[in-house]
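Presented below is the structure to which this report refers.
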Amino acid sequence: MSRSAHPAGPRHADVLPEGHWTAPATDLNALDEKVWSRTVTRDAAGAVSVGGIEVARLAEEFGTPAYILDESDFRARCRAWADAFGADADVFYAGKAFLSRAVVRWLKEEGLNLDVCSGGELATALDAGMPAERIAFHGNNKTTAEIERAVTAGVGRIVLDSFQEIVRVAHVAQGLGTRQRVQIRVTVGVEAHTHEFIATAHEDQKFGIALADGQAAEAVRRALTLDGLELVGIHSHIGSQIFDMAGFEVSARRVVGLLAEIRDEHGVELPEIDLGGGLGIAYTSEDDPREPHEIAKALGDIVTRECESAGLATPRISVEPGRAIVGPTAFTLYEVGTIKPLEGLRTYVSVDGGMSDNIRTALYDAEYSVSLVSRSSDAGPMLVRVVGKHCESGDIVVKDAFLPSDLAPGDLIAVPATGAYCRSMASNYNHALRPPVVAVRDGRARVIVRRETEEDLLRLDVG
């Protein structure tokens, strides 16, 4: 549900109504496997480990805040998606969720393709060795330079997002003496049940070409006439953090309807359909995400049924999970600093990070879980709000959760399910230094994205 903006900013400090938060867990030391990566455990002495390494040791070696990424879990999720969709479909990891050269290599090794949406993401993909034909290039306003680089590299598809881009890509491809494989992104008029900023298939937004008023059909007509383009399919994406498959069913029905119109008008059956990504993950115990095999079967059944009804051959399906792969595989490790009880309200727990390493709570009203991970505790629960150290009242990491009442400065707490959109949307607000990403696997830890330094900040400041 969206909120109206307050002129002075979100009123996060308002007193919450009774019953707004979830009741405390029976055991505050328990780690819900739904929200934590698969190798996270707590031993009998209370120490939490990931990939066989205690988090206290990780904090000592790499500092806090830090993103701790479970490489084994990441790879296992890649394999699960690849296995679920099989050889007759394509899985493109959505690089915007989190991308690094190490991640690109993991994707390549585990058999996934890669979706990028900027020149920087494309550069990372190519530098790390992802075959260009396994890359899809998205974006609502690709520059000519970005298009030239993508076409020159030989990316497997460019997703066209506007009438101007149809001409732009065709002109570049023709100038380079090639035909570029493309899909057309259409907005199908499906409003996903999600935050307004991450719903992407209703007409009143910046992405895609609307089915309404025949705009998508006209885009197809233009693309089919241009020598520089090879139109191979239709692309649709209805939003993010979605648990209900009903929106995908409506989207698939409308996209297949467009495929039937294309066949009837042009005598062409396009061979591909991309239903995007946006499948949700568990941020809290209340979330109930679907497994990849369930998603694959549901989408496959929907497309097959609609194509049979329209008398079309079933096209090759592709999907673009990003958050669903990397989101659950990482947590952010913080050290507790100031603890400020507010009688009758809650206790504010300040950590050594904040909105510079996780903007999602302020931006989307996102919900998160949090646990004490440097030790166990038998103390009773206290209602807390985990906040950062930035100069904003909206600098909130976890709005409302329960932690042991003996929490103290110096304790380590961790926020799970921060693998997606946290490091990739991190900032230098207040000249904060963006945290490192530490990959952990089989008792070994290594930095795959290093912590920024003050020298990094000053090197960019050429004034």
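Each chain in the structure tokens gets a letter, A, B and so on, in the order shown; residues start at 1 in every chain, and ligands are counted from 1 in the order they appear.
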
**Q.** Surrounding residues of Asp406 (chain A) excluding itself and chain neighbours under 5 positions, 12 Å, only C-alpha atoms, as a PyMOL selection string
**A.** chain A and resi 28+339+347+372+375-382+411

Output N, CA and C atoms of each residue in that selection to a file, as a PDB file, in the first residue's frame.
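Result written to part08.pdb:
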ATOM      1  N   LEU A  28      13.928 -15.759  20.960  1.00  0.00           N
ATOM      2  CA  LEU A  28      14.627 -14.711  20.235  1.00  0.00           C
ATOM      3  C   LEU A  28      15.973 -15.171  19.681  1.00  0.00           C
ATOM      4  N   ILE A 339      22.045   3.084  22.447  1.00  0.00           N
ATOM      5  CA  ILE A 339      20.736   2.489  22.732  1.00  0.00           C
ATOM      6  C   ILE A 339      19.935   3.520  23.512  1.00  0.00           C
ATOM      7  N   THR A 347      12.479   1.192  21.995  1.00  0.00           N
ATOM      8  CA  THR A 347      13.892   1.505  22.193  1.00  0.00           C
ATOM      9  C   THR A 347      14.555   1.683  20.837  1.00  0.00           C
ATOM     10  N   LEU A 372      20.155 -10.678  17.238  1.00  0.00           N
ATOM     11  CA  LEU A 372      21.431 -10.582  17.945  1.00  0.00           C
ATOM     12  C   LEU A 372      22.260 -11.796  17.545  1.00  0.00           C
ATOM     13  N   ARG A 375      26.041 -13.344  20.314  1.00  0.00           N
ATOM     14  CA  ARG A 375      25.827 -14.180  21.497  1.00  0.00           C
ATOM     15  C   ARG A 375      24.359 -14.543  21.555  1.00  0.00           C
ATOM     16  N   SER A 376      24.018 -15.463  22.422  1.00  0.00           N
ATOM     17  CA  SER A 376      22.617 -15.745  22.693  1.00  0.00           C
ATOM     18  C   SER A 376      22.205 -14.994  23.955  1.00  0.00           C
ATOM     19  N   SER A 377      20.923 -14.955  24.225  1.00  0.00           N
ATOM     20  CA  SER A 377      20.427 -14.234  25.396  1.00  0.00           C
ATOM     21  C   SER A 377      19.152 -14.882  25.908  1.00  0.00           C
ATOM     22  N   ASP A 378      19.025 -14.909  27.241  1.00  0.00           N
ATOM     23  CA  ASP A 378      17.800 -15.396  27.871  1.00  0.00           C
ATOM     24  C   ASP A 378      16.910 -14.254  28.334  1.00  0.00           C
ATOM     25  N   ALA A 379      17.316 -13.021  28.038  1.00  0.00           N
ATOM     26  CA  ALA A 379      16.541 -11.857  28.470  1.00  0.00           C
ATOM     27  C   ALA A 379      15.225 -11.782  27.708  1.00  0.00           C
ATOM     28  N   GLY A 380      14.269 -11.100  28.295  1.00  0.00           N
ATOM     29  CA  GLY A 380      12.976 -10.928  27.649  1.00  0.00           C
ATOM     30  C   GLY A 380      13.064  -9.995  26.462  1.00  0.00           C
ATOM     31  N   PRO A 381      11.996  -9.950  25.655  1.00  0.00           N
ATOM     32  CA  PRO A 381      12.012  -9.131  24.442  1.00  0.00           C
ATOM     33  C   PRO A 381      11.761  -7.658  24.725  1.00  0.00           C
ATOM     34  N   MET A 382      12.365  -6.805  23.917  1.00  0.00           N
ATOM     35  CA  MET A 382      12.013  -5.389  23.933  1.00  0.00           C
ATOM     36  C   MET A 382      11.768  -4.936  22.497  1.00  0.00           C
ATOM     37  N   ASP A 411      27.477  -5.113  20.928  1.00  0.00           N
ATOM     38  CA  ASP A 411      26.881  -6.337  20.413  1.00  0.00           C
ATOM     39  C   ASP A 411      26.811  -6.276  18.888  1.00  0.00           C
TER      40      ASP A 411
END

Q) Using the chain letters and numbers from this document, which residues of region 96-321 of chain A does DSSP assign to strand (DSSP E or B), as a PyMOL selection string? A) chain A and resi 113-116+135-137+157-160+180-187+199+209-210+229-235+239+242+272-274+279+316-319

Q.
Taking only region 221-400 of chain A into account, list the residues labelled alpha helix (DSSP H) by DSSP (computed from the backbone), as a PyMOL selection string.
A. chain A and resi 221-225+246-266+292-310+323-326+360-364

Those same residues - C-alpha atoms - I'd like them written as an mmCIF file, in the first residue's frame.
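Result file is result_32.cif:
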data_model
loop_
_atom_site.group_PDB
_atom_site.id
_atom_site.type_symbol
_atom_site.label_atom_id
_atom_site.label_comp_id
_atom_site.auth_asym_id
_atom_site.auth_seq_id
_atom_site.Cartn_x
_atom_site.Cartn_y
_atom_site.Cartn_z
ATOM 1 C CA ARG A 221 4.944 -2.891 -37.094
ATOM 2 C CA ARG A 222 7.853 -0.468 -37.002
ATOM 3 C CA ALA A 223 10.358 -3.006 -35.668
ATOM 4 C CA LEU A 224 9.447 -5.538 -38.362
ATOM 5 C CA THR A 225 10.169 -3.023 -41.142
ATOM 6 C CA ALA A 246 -2.621 -14.084 -10.627
ATOM 7 C CA GLY A 247 -0.927 -11.011 -12.087
ATOM 8 C CA PHE A 248 1.342 -13.190 -14.208
ATOM 9 C CA GLU A 249 -1.683 -15.064 -15.524
ATOM 10 C CA VAL A 250 -3.351 -11.854 -16.703
ATOM 11 C CA SER A 251 -0.062 -10.573 -18.136
ATOM 12 C CA ALA A 252 0.604 -13.806 -20.044
ATOM 13 C CA ARG A 253 -2.925 -13.826 -21.457
ATOM 14 C CA ARG A 254 -2.530 -10.287 -22.793
ATOM 15 C CA VAL A 255 0.961 -10.881 -24.187
ATOM 16 C CA VAL A 256 -0.188 -14.053 -25.958
ATOM 17 C CA GLY A 257 -3.112 -12.046 -27.310
ATOM 18 C CA LEU A 258 -0.584 -9.648 -28.836
ATOM 19 C CA LEU A 259 1.363 -12.581 -30.308
ATOM 20 C CA ALA A 260 -1.851 -13.761 -31.971
ATOM 21 C CA GLU A 261 -2.474 -10.282 -33.404
ATOM 22 C CA ILE A 262 1.081 -10.235 -34.793
ATOM 23 C CA ARG A 263 0.535 -13.606 -36.461
ATOM 24 C CA ASP A 264 -2.771 -12.531 -37.953
ATOM 25 C CA GLU A 265 -1.447 -9.194 -39.277
ATOM 26 C CA HIS A 266 2.082 -10.101 -40.299
ATOM 27 C CA PRO A 292 11.391 -22.010 -8.306
ATOM 28 C CA HIS A 293 9.832 -25.287 -9.434
ATOM 29 C CA GLU A 294 6.369 -24.021 -8.437
ATOM 30 C CA ILE A 295 6.934 -20.778 -10.349
ATOM 31 C CA ALA A 296 8.234 -22.617 -13.408
ATOM 32 C CA LYS A 297 5.249 -24.961 -13.520
ATOM 33 C CA ALA A 298 2.746 -22.162 -12.984
ATOM 34 C CA LEU A 299 4.216 -19.929 -15.696
ATOM 35 C CA GLY A 300 4.652 -22.830 -18.108
ATOM 36 C CA ASP A 301 1.056 -23.936 -17.624
ATOM 37 C CA ILE A 302 -0.255 -20.404 -18.088
ATOM 38 C CA VAL A 303 1.628 -19.771 -21.332
ATOM 39 C CA THR A 304 0.888 -23.215 -22.794
ATOM 40 C CA ARG A 305 -2.823 -22.898 -22.023
ATOM 41 C CA GLU A 306 -3.108 -19.409 -23.517
ATOM 42 C CA CYS A 307 -1.146 -20.366 -26.654
ATOM 43 C CA GLU A 308 -3.251 -23.468 -27.229
ATOM 44 C CA SER A 309 -6.370 -21.341 -26.922
ATOM 45 C CA ALA A 310 -4.975 -18.866 -29.478
ATOM 46 C CA ARG A 323 16.082 -10.637 -5.777
ATOM 47 C CA ALA A 324 14.761 -14.219 -5.686
ATOM 48 C CA ILE A 325 18.319 -15.495 -6.151
ATOM 49 C CA VAL A 326 20.596 -13.065 -4.325
ATOM 50 C CA ARG A 360 14.907 0.286 1.036
ATOM 51 C CA THR A 361 13.157 0.939 4.343
ATOM 52 C CA ALA A 362 13.076 4.687 3.727
ATOM 53 C CA LEU A 363 12.325 4.327 0.014
ATOM 54 C CA TYR A 364 9.777 1.504 -0.051
#

Can I get the residues of region 199-313 of chain A within 12 Å of region 163-183 of chain A, each with the closest pair of atoms and their distance in Å to one decimal, using only C-alpha atoms, sorted chain first then ascending number, as JSON lines?
{"residue": "A:Phe207", "atom": "CA", "partner": "A:Phe163", "partner_atom": "CA", "distance": 11.9}
{"residue": "A:Gly208", "atom": "CA", "partner": "A:Phe163", "partner_atom": "CA", "distance": 9.6}
{"residue": "A:Ile209", "atom": "CA", "partner": "A:Phe163", "partner_atom": "CA", "distance": 8.0}
{"residue": "A:Ala210", "atom": "CA", "partner": "A:Phe163", "partner_atom": "CA", "distance": 11.1}
{"residue": "A:Gln215", "atom": "CA", "partner": "A:Phe163", "partner_atom": "CA", "distance": 9.2}
{"residue": "A:Ala216", "atom": "CA", "partner": "A:Phe163", "partner_atom": "CA", "distance": 9.4}
{"residue": "A:Ala217", "atom": "CA", "partner": "A:Phe163", "partner_atom": "CA", "distance": 11.4}
{"residue": "A:Glu218", "atom": "CA", "partner": "A:Phe163", "partner_atom": "CA", "distance": 9.1}
{"residue": "A:Ala219", "atom": "CA", "partner": "A:Phe163", "partner_atom": "CA", "distance": 6.4}
{"residue": "A:Val220", "atom": "CA", "partner": "A:Gln183", "partner_atom": "CA", "distance": 9.4}
{"residue": "A:Arg221", "atom": "CA", "partner": "A:Ile166", "partner_atom": "CA", "distance": 10.7}
{"residue": "A:Arg222", "atom": "CA", "partner": "A:Ile166", "partner_atom": "CA", "distance": 7.7}
{"residue": "A:Ala223", "atom": "CA", "partner": "A:Ile166", "partner_atom": "CA", "distance": 6.4}
{"residue": "A:Leu224", "atom": "CA", "partner": "A:Ile166", "partner_atom": "CA", "distance": 10.1}
{"residue": "A:Thr225", "atom": "CA", "partner": "A:Ala170", "partner_atom": "CA", "distance": 10.1}
{"residue": "A:Leu226", "atom": "CA", "partner": "A:Ala170", "partner_atom": "CA", "distance": 6.5}
{"residue": "A:Asp227", "atom": "CA", "partner": "A:Arg179", "partner_atom": "CA", "distance": 6.9}
{"residue": "A:Gly228", "atom": "CA", "partner": "A:Ala170", "partner_atom": "CA", "distance": 4.4}
{"residue": "A:Leu229", "atom": "CA", "partner": "A:Gln180", "partner_atom": "CA", "distance": 5.0}
{"residue": "A:Glu230", "atom": "CA", "partner": "A:Arg181", "partner_atom": "CA", "distance": 4.7}
{"residue": "A:Leu231", "atom": "CA", "partner": "A:Val182", "partner_atom": "CA", "distance": 5.0}
{"residue": "A:Val232", "atom": "CA", "partner": "A:Gln183", "partner_atom": "CA", "distance": 5.8}
{"residue": "A:Gly233", "atom": "CA", "partner": "A:Gln183", "partner_atom": "CA", "distance": 4.7}
{"residue": "A:Ile234", "atom": "CA", "partner": "A:Gln183", "partner_atom": "CA", "distance": 5.2}
{"residue": "A:His235", "atom": "CA", "partner": "A:Gln183", "partner_atom": "CA", "distance": 6.1}
{"residue": "A:Ser236", "atom": "CA", "partner": "A:Gln183", "partner_atom": "CA", "distance": 9.8}
{"residue": "A:Leu270", "atom": "CA", "partner": "A:Gln183", "partner_atom": "CA", "distance": 9.6}
{"residue": "A:Pro271", "atom": "CA", "partner": "A:Gln183", "partner_atom": "CA", "distance": 10.4}
{"residue": "A:Glu272", "atom": "CA", "partner": "A:Gln183", "partner_atom": "CA", "distance": 8.3}
{"residue": "A:Ile273", "atom": "CA", "partner": "A:Gln183", "partner_atom": "CA", "distance": 8.5}
{"residue": "A:Asp274", "atom": "CA", "partner": "A:Gln183", "partner_atom": "CA", "distance": 8.6}
{"residue": "A:Leu275", "atom": "CA", "partner": "A:Gln183", "partner_atom": "CA", "distance": 11.6}

File of the preceding selection, N, CA, C and O atoms, as a compact mmCIF listing (two decimals), in the first residue's frame:
# COMPACT_ATOMS: atom_id res chain seq x y z
N PHE A 207 8.15 2.77 -17.89
CA PHE A 207 8.67 1.61 -18.60
C PHE A 207 7.75 1.15 -19.72
O PHE A 207 6.53 1.14 -19.58
N GLY A 208 8.34 0.72 -20.82
CA GLY A 208 7.63 -0.04 -21.83
C GLY A 208 6.70 0.75 -22.72
O GLY A 208 6.58 1.97 -22.65
N ILE A 209 6.02 0.01 -23.59
CA ILE A 209 5.07 0.56 -24.57
C ILE A 209 3.72 -0.10 -24.31
O ILE A 209 3.60 -1.33 -24.28
N ALA A 210 2.71 0.71 -24.12
CA ALA A 210 1.43 0.22 -23.64
C ALA A 210 0.69 -0.59 -24.70
O ALA A 210 0.70 -0.26 -25.90
N GLN A 215 -0.63 0.85 -29.09
CA GLN A 215 0.74 1.34 -29.19
C GLN A 215 1.74 0.21 -29.37
O GLN A 215 2.68 0.31 -30.17
N ALA A 216 1.56 -0.88 -28.62
CA ALA A 216 2.50 -2.01 -28.73
C ALA A 216 2.42 -2.62 -30.12
O ALA A 216 3.45 -2.99 -30.72
N ALA A 217 1.23 -2.73 -30.66
CA ALA A 217 1.07 -3.28 -32.01
C ALA A 217 1.78 -2.40 -33.04
O ALA A 217 2.40 -2.90 -33.99
N GLU A 218 1.70 -1.09 -32.86
CA GLU A 218 2.39 -0.18 -33.76
C GLU A 218 3.91 -0.30 -33.61
O GLU A 218 4.64 -0.24 -34.61
N ALA A 219 4.38 -0.51 -32.40
CA ALA A 219 5.82 -0.72 -32.19
C ALA A 219 6.30 -1.96 -32.92
O ALA A 219 7.38 -1.96 -33.53
N VAL A 220 5.49 -3.01 -32.90
CA VAL A 220 5.84 -4.23 -33.63
C VAL A 220 5.91 -3.95 -35.13
O VAL A 220 6.85 -4.39 -35.82
N ARG A 221 4.94 -3.22 -35.66
CA ARG A 221 4.94 -2.89 -37.09
C ARG A 221 6.24 -2.19 -37.48
O ARG A 221 6.88 -2.52 -38.49
N ARG A 222 6.65 -1.22 -36.67
CA ARG A 222 7.85 -0.47 -37.00
C ARG A 222 9.09 -1.35 -36.90
O ARG A 222 9.98 -1.28 -37.76
N ALA A 223 9.17 -2.17 -35.85
CA ALA A 223 10.36 -3.01 -35.67
C ALA A 223 10.51 -4.01 -36.81
O ALA A 223 11.63 -4.30 -37.25
N LEU A 224 9.38 -4.53 -37.30
CA LEU A 224 9.45 -5.54 -38.36
C LEU A 224 9.88 -4.95 -39.71
O LEU A 224 10.30 -5.70 -40.60
N THR A 225 9.80 -3.64 -39.86
CA THR A 225 10.17 -3.02 -41.14
C THR A 225 11.63 -2.59 -41.20
O THR A 225 12.11 -2.22 -42.28
N LEU A 226 12.34 -2.63 -40.08
CA LEU A 226 13.70 -2.07 -40.02
C LEU A 226 14.74 -3.16 -40.21
O LEU A 226 14.74 -4.17 -39.50
N ASP A 227 15.64 -2.93 -41.17
CA ASP A 227 16.63 -3.94 -41.52
C ASP A 227 17.60 -4.25 -40.39
O ASP A 227 18.15 -5.35 -40.32
N GLY A 228 17.84 -3.30 -39.49
CA GLY A 228 18.81 -3.51 -38.43
C GLY A 228 18.30 -4.33 -37.26
O GLY A 228 19.07 -4.64 -36.34
N LEU A 229 17.01 -4.70 -37.27
CA LEU A 229 16.41 -5.39 -36.13
C LEU A 229 15.91 -6.78 -36.53
O LEU A 229 15.36 -6.97 -37.61
N GLU A 230 16.08 -7.71 -35.61
CA GLU A 230 15.45 -9.02 -35.70
C GLU A 230 14.55 -9.17 -34.48
O GLU A 230 15.02 -9.44 -33.38
N LEU A 231 13.27 -8.95 -34.69
CA LEU A 231 12.32 -9.02 -33.58
C LEU A 231 12.07 -10.48 -33.23
O LEU A 231 11.56 -11.24 -34.05
N VAL A 232 12.43 -10.86 -31.99
CA VAL A 232 12.31 -12.26 -31.60
C VAL A 232 11.26 -12.50 -30.52
O VAL A 232 10.92 -13.66 -30.24
N GLY A 233 10.75 -11.43 -29.90
CA GLY A 233 9.79 -11.71 -28.85
C GLY A 233 9.22 -10.47 -28.18
O GLY A 233 9.58 -9.34 -28.51
N ILE A 234 8.32 -10.73 -27.23
CA ILE A 234 7.66 -9.70 -26.44
C ILE A 234 8.08 -9.88 -24.98
O ILE A 234 8.16 -11.00 -24.47
N HIS A 235 8.31 -8.76 -24.33
CA HIS A 235 8.75 -8.76 -22.94
C HIS A 235 7.71 -8.06 -22.07
O HIS A 235 7.14 -7.04 -22.46
N SER A 236 7.46 -8.62 -20.89
CA SER A 236 6.55 -8.00 -19.94
C SER A 236 7.10 -8.17 -18.53
O SER A 236 7.67 -9.21 -18.20
N LEU A 270 6.24 -14.97 -33.28
CA LEU A 270 7.48 -14.66 -32.57
C LEU A 270 7.84 -15.82 -31.64
O LEU A 270 6.97 -16.38 -30.97
N PRO A 271 9.13 -16.18 -31.59
CA PRO A 271 9.52 -17.41 -30.89
C PRO A 271 9.77 -17.26 -29.39
O PRO A 271 10.01 -18.26 -28.73
N GLU A 272 9.71 -16.03 -28.84
CA GLU A 272 10.08 -15.85 -27.43
C GLU A 272 9.06 -15.00 -26.69
O GLU A 272 8.44 -14.09 -27.26
N ILE A 273 8.94 -15.30 -25.41
CA ILE A 273 8.14 -14.47 -24.51
C ILE A 273 8.88 -14.40 -23.19
O ILE A 273 9.30 -15.42 -22.64
N ASP A 274 9.10 -13.18 -22.70
CA ASP A 274 9.78 -12.97 -21.43
C ASP A 274 8.78 -12.39 -20.44
O ASP A 274 8.21 -11.32 -20.68
N LEU A 275 8.58 -13.10 -19.33
CA LEU A 275 7.60 -12.66 -18.32
C LEU A 275 8.25 -11.90 -17.18
O LEU A 275 7.60 -11.64 -16.16

Q: Would you please work out which residue, of A:Leu112, A:Ala56, A:Leu407, A:Ile68, is nearest to Trp36 (chain A) when using only C-alpha atoms?
A: A:Ile68

Q. Of the candidates A:Ala30, A:Leu279, A:Val349, A:Ala136, which shows the shortest atom-to-atom distance to Trp81 (chain A), using only C-alpha atoms?
A. A:Leu279

**Q.** Leu122 (chain A) environment, 9 Å, only C-alpha atoms, sequence neighbours closer than 5 positions dropped, as a list in words
**A.**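 Near Leu122 (chain A), the qualifying residues are Asp115, Val116, Cys117, Asp127, Ile135, Phe137, Glu146, Arg149 and Ala150 of chain A.
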
Q: Would you please work out which residue, of A:Thr152, A:Ser356, A:Asn113, A:Thr124, is nearest to Leu99 (chain A) when using only C-alpha atoms?
A: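 Nearest candidate to Leu99 (chain A) out of A:Thr152, A:Ser356, A:Asn113, A:Thr124: A:Thr124.
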
Q: Would you mind telling me which residue in A:Ile158, A:Ala84, A:Met245, A:Leu126 lies nearest to Val104 (chain A) when using only C-alpha atoms?
A: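 Ranked by minimum distance to Val104 (chain A), first place goes to A:Leu126.
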
Q: Could you jot down the CA of Lys142 (chain A) to CA of Glu121 (chain A) separation for me, Å, one decimal place?
A: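 Computed distance, CA of Lys142 (chain A) to CA of Glu121 (chain A), equals 12.4 Å.
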
(Q) Which residue is closest to Thr284 (chain A)? Choose from A:Gly119, A:Leu69, A:Glu367, A:Gly419 and count only C-alpha atoms. (A)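 Closest residue, counting only C-alpha atoms: A:Glu367.
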
Q: May I have the residues within 6 Å of region 242-244 of chain A as a PyMOL selection string, using only C-alpha atoms and disregarding those fewer than 4 positions away in the same chain?
A: chain A and resi 278-280+289

Prev. selection, N, CA and C atoms, output as a PDB file, in the first residue's frame:
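Generated file (result.pdb):
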ATOM      1  N   GLY A 278      10.559 -10.302 -10.520  1.00  0.00           N
ATOM      2  CA  GLY A 278       9.732  -9.698  -9.485  1.00  0.00           C
ATOM      3  C   GLY A 278       9.190 -10.652  -8.453  1.00  0.00           C
ATOM      4  N   LEU A 279       9.593 -11.928  -8.502  1.00  0.00           N
ATOM      5  CA  LEU A 279       9.080 -12.867  -7.509  1.00  0.00           C
ATOM      6  C   LEU A 279       9.630 -12.533  -6.127  1.00  0.00           C
ATOM      7  N   GLY A 280       8.761 -12.581  -5.120  1.00  0.00           N
ATOM      8  CA  GLY A 280       9.112 -12.123  -3.788  1.00  0.00           C
ATOM      9  C   GLY A 280       9.954 -13.103  -2.993  1.00  0.00           C
ATOM     10  N   PRO A 289       7.203 -17.014   0.197  1.00  0.00           N
ATOM     11  CA  PRO A 289       7.553 -17.053  -1.223  1.00  0.00           C
ATOM     12  C   PRO A 289       7.392 -18.438  -1.819  1.00  0.00           C
TER      13      PRO A 289
END

Q. If we count only C-alpha atoms, what is near region 398-400 of chain A at a cut-off of 7 Å, once residues fewer than 4 positions away on the same chain are taken out, given as a ChimeraX atom specification?
A. /A:21,367-369,383-387

Keeping C-alpha atoms, export the residues of the selection given above as a tab-separated table (two decimals), in the first residue's frame.
chain	number	residue	atom	x	y	z
A	21	TRP	CA	4.00	-5.02	14.96
A	367	GLU	CA	10.04	-4.66	6.30
A	368	TYR	CA	13.05	-6.53	7.70
A	369	SER	CA	13.95	-8.93	10.49
A	383	LEU	CA	10.43	-3.56	21.03
A	384	VAL	CA	13.16	-1.83	19.05
A	385	ARG	CA	13.62	0.35	16.02
A	386	VAL	CA	17.01	-0.18	14.42
A	387	VAL	CA	18.28	3.11	13.04

Q | Using only C-alpha atoms: which of A:Leu312, A:Met355, A:Val159, A:Ala212 has the shortest distance to Ser393 (chain A) | A |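 For Ser393 (chain A), the nearest of the given residues is A:Met355.
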